[in-house]
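> Dumping the structure here so I can ask a few things about it.
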Amino acid sequence: GRPAFFFSLWTLKESFLKAHGTGLAQPLNSFRIERGPDSTIRASRAGVPMPWLHFRQYLIEESCFLSVCSQAEDFAEAPSFHTLAELSGALTAQQ
């Protein structure tokens, strides 16, 4: 439905902004995110395609999406989840 489409597009745009490091300082209407007939996700700015950007989107649960934008083409088949305690322990062990 419409909420799922909105959250799908929102997370894709957010992943694009994070990949560029601009955050919401860059207007959301300054670029386009489109899904092709083969479900490939593409980005463009001012009508110019950005083929070096690759996207992967994961459906976590109904209307809950995780989107990734990268110059790398390889993505994990599924995301891995970690607790804050696990991440904190990993960082402490590295120091």
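So you can find residues: chains in the structure tokens are A, B, ... in the order shown, residues in each start at 1, and ligands are numbered from 1 in order.
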Which residues are near range 18-32 of chain A? Cut-off 9 Å, only C-alpha atoms, ignore same chain within fewer than 6 positions. Put them as an mmCIF file with all heavy atoms, in the first residue's frame.

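See result.cif below for the written result:
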data_model
loop_
_atom_site.group_PDB
_atom_site.id
_atom_site.type_symbol
_atom_site.label_atom_id
_atom_site.label_comp_id
_atom_site.auth_asym_id
_atom_site.auth_seq_id
_atom_site.Cartn_x
_atom_site.Cartn_y
_atom_site.Cartn_z
ATOM 1 N N ARG A 42 17.694 2.721 -9.136
ATOM 2 C CA ARG A 42 18.638 3.638 -9.767
ATOM 3 C C ARG A 42 18.448 5.056 -9.227
ATOM 4 O O ARG A 42 17.343 5.432 -8.874
ATOM 5 C CB ARG A 42 18.427 3.640 -11.275
ATOM 6 C CG ARG A 42 18.707 2.303 -11.930
ATOM 7 C CD ARG A 42 18.437 2.369 -13.435
ATOM 8 N NE ARG A 42 18.691 1.107 -14.070
ATOM 9 C CZ ARG A 42 17.771 0.158 -14.244
ATOM 10 N NH1 ARG A 42 16.537 0.345 -13.836
ATOM 11 N NH2 ARG A 42 18.083 -0.976 -14.833
ATOM 12 N N ALA A 43 19.539 5.816 -9.243
ATOM 13 C CA ALA A 43 19.487 7.213 -8.816
ATOM 14 C C ALA A 43 19.892 8.105 -9.977
ATOM 15 O O ALA A 43 20.687 7.715 -10.829
ATOM 16 C CB ALA A 43 20.423 7.447 -7.634
ATOM 17 N N SER A 44 19.329 9.315 -9.996
ATOM 18 C CA SER A 44 19.720 10.313 -10.996
ATOM 19 C C SER A 44 19.583 11.694 -10.378
ATOM 20 O O SER A 44 18.838 11.901 -9.429
ATOM 21 C CB SER A 44 18.864 10.199 -12.258
ATOM 22 O OG SER A 44 17.513 10.471 -11.960
ATOM 23 N N ARG A 45 20.337 12.624 -10.948
ATOM 24 C CA ARG A 45 20.275 14.023 -10.508
ATOM 25 C C ARG A 45 20.181 14.876 -11.753
ATOM 26 O O ARG A 45 20.975 14.726 -12.675
ATOM 27 C CB ARG A 45 21.523 14.392 -9.709
ATOM 28 C CG ARG A 45 21.451 15.819 -9.180
ATOM 29 C CD ARG A 45 22.639 16.212 -8.346
ATOM 30 N NE ARG A 45 22.725 15.374 -7.163
ATOM 31 C CZ ARG A 45 23.849 14.948 -6.621
ATOM 32 N NH1 ARG A 45 25.004 15.277 -7.147
ATOM 33 N NH2 ARG A 45 23.860 14.203 -5.551
ATOM 34 N N ALA A 46 19.176 15.736 -11.806
ATOM 35 C CA ALA A 46 18.939 16.612 -12.961
ATOM 36 C C ALA A 46 18.867 15.802 -14.249
ATOM 37 O O ALA A 46 19.379 16.213 -15.280
ATOM 38 C CB ALA A 46 20.005 17.701 -13.040
ATOM 39 N N GLY A 47 18.278 14.617 -14.179
ATOM 40 C CA GLY A 47 18.114 13.775 -15.342
ATOM 41 C C GLY A 47 19.346 12.981 -15.744
ATOM 42 O O GLY A 47 19.331 12.243 -16.710
ATOM 43 N N VAL A 68 20.263 0.445 1.721
ATOM 44 C CA VAL A 68 21.694 0.708 1.697
ATOM 45 C C VAL A 68 22.058 1.260 0.318
ATOM 46 O O VAL A 68 21.604 0.750 -0.702
ATOM 47 C CB VAL A 68 22.497 -0.585 1.967
ATOM 48 C CG1 VAL A 68 23.986 -0.298 1.972
ATOM 49 C CG2 VAL A 68 22.056 -1.238 3.263
ATOM 50 N N CYS A 69 22.878 2.303 0.306
ATOM 51 C CA CYS A 69 23.398 2.890 -0.924
ATOM 52 C C CYS A 69 24.918 2.824 -0.837
ATOM 53 O O CYS A 69 25.500 3.204 0.181
ATOM 54 C CB CYS A 69 22.932 4.340 -1.040
ATOM 55 S SG CYS A 69 23.613 5.215 -2.468
ATOM 56 N N SER A 70 25.551 2.332 -1.904
ATOM 57 C CA SER A 70 27.000 2.156 -1.886
ATOM 58 C C SER A 70 27.549 2.212 -3.310
ATOM 59 O O SER A 70 26.824 1.981 -4.274
ATOM 60 C CB SER A 70 27.320 0.795 -1.265
ATOM 61 O OG SER A 70 28.693 0.512 -1.351
ATOM 62 N N GLN A 71 28.839 2.499 -3.413
ATOM 63 C CA GLN A 71 29.494 2.379 -4.716
ATOM 64 C C GLN A 71 29.862 0.929 -4.990
ATOM 65 O O GLN A 71 30.116 0.569 -6.133
ATOM 66 C CB GLN A 71 30.717 3.281 -4.773
ATOM 67 C CG GLN A 71 30.343 4.745 -4.832
ATOM 68 C CD GLN A 71 31.534 5.648 -5.066
ATOM 69 O OE1 GLN A 71 32.581 5.226 -5.548
ATOM 70 N NE2 GLN A 71 31.391 6.909 -4.719
#
> So how many Å separate CA of Arg2 in chain A and CA of Thr40 in chain A, to one decimal?
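Atom-to-atom, CA of Arg2 in chain A and CA of Thr40 in chain A are spaced 19.9 Å apart.
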> I need the residues of chain A that end up classed as helix (DSSP H, G or I) by DSSP on the backbone, written out as a count of residues only.
36
> I'd like the contact shell of Ser8 in chain A - 12 Å cut-off, only C-alpha atoms, skipping same-chain residues fewer than 2 positions apart - returned as a VMD selection string.
chain A and resid 1 to 6 10 to 15 33 to 35 41 55 to 68
> Please, could you write that set of residues out with N, CA, C and O atoms as a compact mmCIF listing (two decimals), in the first residue's frame?

# COMPACT_ATOMS: atom_id res chain seq x y z
N GLY A 1 0.80 -1.19 0.00
CA GLY A 1 0.00 0.00 0.00
C GLY A 1 0.85 1.25 0.00
O GLY A 1 2.06 1.22 -0.10
N ARG A 2 0.17 2.35 0.15
CA ARG A 2 0.84 3.66 0.13
C ARG A 2 1.84 3.83 1.27
O ARG A 2 2.92 4.38 1.05
N PRO A 3 1.53 3.41 2.52
CA PRO A 3 2.55 3.57 3.57
C PRO A 3 3.83 2.78 3.27
O PRO A 3 4.93 3.29 3.47
N ALA A 4 3.70 1.57 2.74
CA ALA A 4 4.88 0.77 2.41
C ALA A 4 5.69 1.46 1.32
O ALA A 4 6.92 1.51 1.39
N PHE A 5 5.03 2.01 0.30
CA PHE A 5 5.72 2.72 -0.78
C PHE A 5 6.46 3.93 -0.22
O PHE A 5 7.62 4.18 -0.56
N PHE A 6 5.79 4.70 0.66
CA PHE A 6 6.41 5.88 1.25
C PHE A 6 7.67 5.49 2.02
O PHE A 6 8.73 6.09 1.84
N TRP A 10 11.40 6.60 1.19
CA TRP A 10 12.07 7.43 2.20
C TRP A 10 13.41 6.82 2.59
O TRP A 10 14.42 7.51 2.65
N THR A 11 13.44 5.53 2.87
CA THR A 11 14.70 4.91 3.30
C THR A 11 15.72 4.88 2.17
O THR A 11 16.92 4.99 2.43
N LEU A 12 15.27 4.73 0.93
CA LEU A 12 16.20 4.79 -0.20
C LEU A 12 16.81 6.18 -0.31
O LEU A 12 18.02 6.33 -0.51
N LYS A 13 15.98 7.21 -0.20
CA LYS A 13 16.50 8.58 -0.29
C LYS A 13 17.44 8.87 0.88
O LYS A 13 18.49 9.50 0.72
N GLU A 14 17.08 8.40 2.07
CA GLU A 14 17.93 8.61 3.24
C GLU A 14 19.28 7.90 3.06
O GLU A 14 20.32 8.46 3.40
N SER A 15 19.27 6.70 2.50
CA SER A 15 20.54 5.99 2.28
C SER A 15 21.42 6.74 1.28
O SER A 15 22.64 6.80 1.44
N ILE A 33 15.06 8.73 -7.16
CA ILE A 33 15.29 7.31 -6.95
C ILE A 33 14.17 6.60 -7.70
O ILE A 33 13.00 6.91 -7.51
N GLU A 34 14.53 5.67 -8.58
CA GLU A 34 13.53 4.95 -9.36
C GLU A 34 13.82 3.46 -9.33
O GLU A 34 14.98 3.05 -9.29
N ARG A 35 12.75 2.69 -9.35
CA ARG A 35 12.86 1.23 -9.41
C ARG A 35 12.47 0.81 -10.82
O ARG A 35 11.39 1.12 -11.30
N ILE A 41 17.21 -0.66 -8.55
CA ILE A 41 17.00 0.69 -8.02
C ILE A 41 18.11 1.58 -8.58
O ILE A 41 19.29 1.24 -8.52
N PHE A 55 22.07 0.15 -4.89
CA PHE A 55 21.15 0.11 -3.76
C PHE A 55 20.75 -1.32 -3.45
O PHE A 55 20.67 -2.16 -4.34
N ARG A 56 20.48 -1.55 -2.20
CA ARG A 56 19.88 -2.82 -1.77
C ARG A 56 18.86 -2.46 -0.71
O ARG A 56 19.11 -1.61 0.14
N GLN A 57 17.71 -3.09 -0.80
CA GLN A 57 16.66 -2.81 0.17
C GLN A 57 16.21 -4.13 0.79
O GLN A 57 16.02 -5.13 0.09
N TYR A 58 16.08 -4.10 2.10
CA TYR A 58 15.66 -5.27 2.86
C TYR A 58 14.33 -4.96 3.53
O TYR A 58 14.18 -3.89 4.13
N LEU A 59 13.38 -5.85 3.44
CA LEU A 59 12.12 -5.71 4.17
C LEU A 59 12.31 -6.41 5.51
O LEU A 59 12.48 -7.63 5.57
N ILE A 60 12.31 -5.64 6.59
CA ILE A 60 12.53 -6.18 7.93
C ILE A 60 11.24 -6.78 8.47
O ILE A 60 11.21 -7.87 8.99
N GLU A 61 10.17 -6.03 8.34
CA GLU A 61 8.82 -6.49 8.64
C GLU A 61 7.88 -5.57 7.89
O GLU A 61 8.33 -4.64 7.24
N GLU A 62 6.59 -5.82 7.94
CA GLU A 62 5.64 -5.04 7.14
C GLU A 62 5.88 -3.54 7.30
O GLU A 62 5.90 -3.02 8.41
N SER A 63 6.11 -2.85 6.18
CA SER A 63 6.34 -1.40 6.12
C SER A 63 7.58 -0.96 6.89
O SER A 63 7.69 0.19 7.27
N CYS A 64 8.50 -1.86 7.14
CA CYS A 64 9.75 -1.51 7.84
C CYS A 64 10.91 -1.92 6.93
O CYS A 64 11.18 -3.11 6.76
N PHE A 65 11.56 -0.93 6.32
CA PHE A 65 12.60 -1.18 5.34
C PHE A 65 13.96 -0.74 5.84
O PHE A 65 14.08 0.24 6.57
N LEU A 66 14.98 -1.45 5.41
CA LEU A 66 16.36 -1.06 5.61
C LEU A 66 16.95 -0.91 4.21
O LEU A 66 16.90 -1.84 3.41
N SER A 67 17.46 0.27 3.90
CA SER A 67 18.00 0.53 2.57
C SER A 67 19.47 0.91 2.69
O SER A 67 19.87 1.61 3.61
N VAL A 68 20.26 0.44 1.72
CA VAL A 68 21.69 0.71 1.70
C VAL A 68 22.06 1.26 0.32
O VAL A 68 21.60 0.75 -0.70
> So that I can see what lies close to Ala72 in chain A, please list as a PyMOL selection string the residues with an atom at most 8 Å from it, counting only C-alpha atoms and leaving out residues fewer than 3 positions away in the same chain.
chain A and resi 53-54+75
> Let's have the selection written as a compact mmCIF listing (two decimals), in the first residue's frame, with N, CA, C and O atoms.

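Contents of again14.txt, as written:
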# COMPACT_ATOMS: atom_id res chain seq x y z
N LEU A 53 26.28 4.25 -8.36
CA LEU A 53 25.60 4.02 -7.08
C LEU A 53 24.74 2.77 -7.17
O LEU A 53 24.03 2.56 -8.15
N HIS A 54 24.82 1.97 -6.14
CA HIS A 54 24.07 0.73 -6.08
C HIS A 54 23.25 0.72 -4.80
O HIS A 54 23.69 1.22 -3.77
N PHE A 75 26.20 -6.91 -1.96
CA PHE A 75 25.47 -6.73 -0.71
C PHE A 75 25.18 -8.10 -0.11
O PHE A 75 25.02 -9.08 -0.83
> Per DSSP on the backbone, what are the strand (DSSP E or B) residues of chain A, as a VMD selection string?
chain A and resid 32 to 35 41 to 45 48 to 49 54 to 61 64 to 70
> Find the distance between CA of Asp74 in chain A and CA of Pro51 in chain A and write it in Å to one decimal.
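Atom-to-atom, CA of Asp74 in chain A and CA of Pro51 in chain A are spaced 14.3 Å apart.
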> Would you compute the distance between CA of Met50 in chain A and CA of Glu73 in chain A? Give it in Å to one decimal.
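These two atoms are separated by 13.3 Å.
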